[in-house]
Amino acid sequence: MMKQAVRFGLLSVLLGASLQALASGPKTLTILHTNDMHAQFLPKEALWVRETPKPRVGGFARIKELVDSIRAVEAATLVLDAGDVMTGNPITNRTYRGAEGGALFAMMNMIGYDAWCPGNHDFDISQDNLRKLVSIASFPALSANLVNDQGDFPVGNKPYAIIERGGLRIGIIGLMSPELYSLVNQNNLVGIRVLSPVETVRKYIAVLGGKTDLMILLTHQGVDLDSALAAEISGVDVIVGGHSHTRLRTPKVVNGIIIVQTGSSTENLGELQLTVDDGRVVNYSGKLIPTWVTRKPRPNELTALVDSMQVEIDREYSEVIAILGSDWKRSEFQSAIGTFIADAQRIAAAADVGFMNNYGIRKDQAAGPMTKRDLFEILPFRNTLTTFAMSGKQLAGVVRFMLEKHPAIQIAGMTATFKRRPDNSVEFRDMRVGGEPLDEAKTYTCAASDYMVGEARRYLGLEIPQPYFLHQTMFEAVEKQIRRLRIIEPKVLYAIEEEH
């Protein structure tokens, strides 16, 4: 009996040692990731494909199909999003569970996301709305360097999460772009501070030391800043990034850190497979999976919500509001679409001069019928129409700033001719406001979005001391002008021309 007990005890020790060795051996993890989805919950035409009819790509139903199929094969799977869920589709204007755009996060719950980091566009409506979106999500919002004036986390965000998956303890630290204040209407950022990404990462790497087997940064700052950050830190294995809309078809590696990003608008699902042994990534492979839609998805809880949102949006936004005689195409300098938008603001505000920032115009528009949805996709931001005063001398300075510094703006209500000197400075030959010669001593009324006013030093070369916020949005002003005209023959409305 004693010998049997000894043999049994020895067998238990050996079995325990074998199991421990097995548990401490290499482990695999599959990270599925998205970024900059911009509310693209429905499939869209792949406009870059030459064939006709064009194939469809994207949408949350297709993302779910791919995630479910990979989860069925890979037991240890983590699903992450790197920010900018909002802005790009009218669904962000529809209230769901108390939050505008809330249906997007209900859909992400159904897909089974494990974590996300807020992006700059997730602030586009308000801090309060972002807090409501965070409360709808069944997964944590991670942003360690996004704090308020008291150093607290202001929108329900947390600095990090530790998730156990496939026998691995995975630490995930979220980061917001340090350029946030130049990306969002400053009225939506009152009390918000963005701390140094490098210092923040080092702080939380120290906090998580010894508690994790794998360390991931979930960032919304762009691949260039991700690469610069990777060069300055240690203790991180992977950066899942967003913001720059970069399609990294294979991972980028900087300082031993694997960097991935999928592009934008649910056109791809990122897949990164890792083998981790003794706290180190010993093997990896990464790719982008295009989200081609070739058939109608099987009905489920997610497709039911998608369909209901589509019906609501179509009811309001499918109306044709104008006919374009030719294409509206964006350009860095004065364009037909840019000067029209700037002029619509000028007219709505009864101003002398209107301004528009180029990057606020989010897509070109093809000739033919134009729907309210098309206009929303051109101008998806909820910016308030704002007026302010400028002297004629200041206006001349703005045009000079535009020509010399190239801040990517459109001007309506003004025309100018100029000649470049050999040193590339500008000599004006003629400048007019409303068809009359510019009077440098006169005070003119100007109009622009509240976002552009907040970034006036960057766009106009000066500060706006006393802006007046009107009770209408820039979108409403442009929509009103489009509906008034009904038929639009695109042309550059106000020329800023060089004499030769």
# chains A, B, ... in the order shown; residues from 1 in each chain; ligands from 1
>>> residues_around(residues="region 462-469 of chain A", least_positions_apart="6", cutoff="10 Å", atoms="only C-alpha atoms", output="ChimeraX atom specification")
/A:384-390,394,397-398,401,446-450,453-456
>>> residues_around(residues="Lys252 (chain A)", least_positions_apart="2", cutoff="12 Å", atoms="only C-alpha atoms", output="list in words")
Val223, Asp224, Asp226, Ser227, Ala230, Val238, Ile239, Val240, Gly241, Thr246, Arg247, Leu248, Arg249, Thr250, Val254, Asn255, Gly256, Ile257, Ile258, Ile259, Val260, Gln261, Leu272, Tyr284, Ser285, Gly286 and Lys287 of chain A
>>> residues_around(residues="region 61-67 of chain A", least_positions_apart="2", cutoff="7 Å", atoms="only C-alpha atoms", output="list of chain:residue names")
A:Gly58, A:Gly59, A:Ser69, A:Ile70, A:Arg71, A:Ile111, A:Leu269, A:Thr291, A:Val293, A:Pro297, A:Leu302, A:Thr303
>>> write_last_selection(atoms="C-alpha atoms", output="PDB file, in the first residue's frame")
ATOM      1  CA  GLY A  58     -17.266  46.626 -46.298  1.00  0.00           C
ATOM      2  CA  GLY A  59     -20.021  46.982 -43.764  1.00  0.00           C
ATOM      3  CA  SER A  69     -15.280  32.459 -39.324  1.00  0.00           C
ATOM      4  CA  ILE A  70     -11.791  33.114 -37.923  1.00  0.00           C
ATOM      5  CA  ARG A  71     -12.930  32.609 -34.330  1.00  0.00           C
ATOM      6  CA  ILE A 111     -19.427  41.617 -33.511  1.00  0.00           C
ATOM      7  CA  LEU A 269     -10.075  43.428 -41.643  1.00  0.00           C
ATOM      8  CA  THR A 291     -14.140  42.700 -47.030  1.00  0.00           C
ATOM      9  CA  VAL A 293     -19.463  41.411 -50.261  1.00  0.00           C
ATOM     10  CA  PRO A 297     -25.532  37.908 -45.225  1.00  0.00           C
ATOM     11  CA  LEU A 302     -26.733  42.429 -36.284  1.00  0.00           C
ATOM     12  CA  THR A 303     -28.278  42.389 -39.760  1.00  0.00           C
TER      13      THR A 303
END
>>> closest_residue(among="A:Ile496, A:Cys117, A:Leu470, A:Val276", to="Val134 (chain A)", atoms="only C-alpha atoms")
A:Cys117
>>> select_by_dssp(residues="region 85-232 of chain A", states="strand (DSSP E)", output="PyMOL selection string")
chain A and resi 95-96+99-100+115-116+146-148+160-165+168-176+192-194+214-220
>>> residues_around(residues="Gly209 (chain A)", least_positions_apart="6", cutoff="10 Å", atoms="only C-alpha atoms", output="VMD selection string")
chain A and resid 171 215 235
>>> write_last_selection(atoms="N, CA and C atoms", output="compact mmCIF listing (two decimals), in the first residue's frame")
# COMPACT_ATOMS: atom_id res chain seq x y z
N GLY A 171 -1.70 42.78 -22.03
CA GLY A 171 -1.88 44.17 -21.61
C GLY A 171 -2.11 45.05 -22.83
N MET A 215 2.37 42.77 -24.63
CA MET A 215 1.98 44.16 -24.46
C MET A 215 1.62 44.77 -25.82
N GLY A 235 9.58 47.30 -24.19
CA GLY A 235 8.57 46.61 -23.41
C GLY A 235 7.25 46.45 -24.11
>>> select_by_dssp(residues="region 231-366 of chain A", states="alpha helix (DSSP H)", output="PyMOL selection string")
chain A and resi 231-232+301-317+336-348
>>> write_last_selection(atoms="C-alpha atoms", output="PDB file, in the first residue's frame")
ATOM      1  CA  ALA A 231      11.798  53.904 -31.778  1.00  0.00           C
ATOM      2  CA  GLU A 232      11.747  55.488 -28.298  1.00  0.00           C
ATOM      3  CA  GLU A 301     -29.321  40.188 -34.636  1.00  0.00           C
ATOM      4  CA  LEU A 302     -26.733  42.429 -36.284  1.00  0.00           C
ATOM      5  CA  THR A 303     -28.278  42.389 -39.760  1.00  0.00           C
ATOM      6  CA  ALA A 304     -31.669  43.228 -38.239  1.00  0.00           C
ATOM      7  CA  LEU A 305     -30.221  46.351 -36.623  1.00  0.00           C
ATOM      8  CA  VAL A 306     -28.293  47.253 -39.791  1.00  0.00           C
ATOM      9  CA  ASP A 307     -31.442  46.933 -41.892  1.00  0.00           C
ATOM     10  CA  SER A 308     -33.553  49.027 -39.510  1.00  0.00           C
ATOM     11  CA  MET A 309     -30.959  51.822 -39.496  1.00  0.00           C
ATOM     12  CA  GLN A 310     -30.717  51.713 -43.294  1.00  0.00           C
ATOM     13  CA  VAL A 311     -34.488  52.090 -43.642  1.00  0.00           C
ATOM     14  CA  GLU A 312     -34.505  55.135 -41.341  1.00  0.00           C
ATOM     15  CA  ILE A 313     -31.599  56.794 -43.138  1.00  0.00           C
ATOM     16  CA  ASP A 314     -32.959  56.083 -46.622  1.00  0.00           C
ATOM     17  CA  ARG A 315     -36.273  57.635 -45.631  1.00  0.00           C
ATOM     18  CA  GLU A 316     -34.547  60.958 -44.903  1.00  0.00           C
ATOM     19  CA  TYR A 317     -31.390  61.025 -47.007  1.00  0.00           C
ATOM     20  CA  ALA A 336     -15.653  74.570 -57.875  1.00  0.00           C
ATOM     21  CA  ILE A 337     -16.805  72.522 -54.892  1.00  0.00           C
ATOM     22  CA  GLY A 338     -14.689  74.475 -52.403  1.00  0.00           C
ATOM     23  CA  THR A 339     -15.741  77.948 -53.515  1.00  0.00           C
ATOM     24  CA  PHE A 340     -19.401  76.840 -53.641  1.00  0.00           C
ATOM     25  CA  ILE A 341     -19.272  75.663 -50.014  1.00  0.00           C
ATOM     26  CA  ALA A 342     -17.447  78.793 -48.891  1.00  0.00           C
ATOM     27  CA  ASP A 343     -19.943  80.957 -50.774  1.00  0.00           C
ATOM     28  CA  ALA A 344     -22.952  79.140 -49.314  1.00  0.00           C
ATOM     29  CA  GLN A 345     -21.654  79.991 -45.848  1.00  0.00           C
ATOM     30  CA  ARG A 346     -21.094  83.598 -46.892  1.00  0.00           C
ATOM     31  CA  ILE A 347     -24.650  83.875 -48.212  1.00  0.00           C
ATOM     32  CA  ALA A 348     -26.241  82.173 -45.185  1.00  0.00           C
TER      33      ALA A 348
END
>>> closest_residue(among="A:Asn357, A:Thr52, A:Thr443, A:Thr417", to="Lys393 (chain A)", atoms="only C-alpha atoms")
A:Thr443
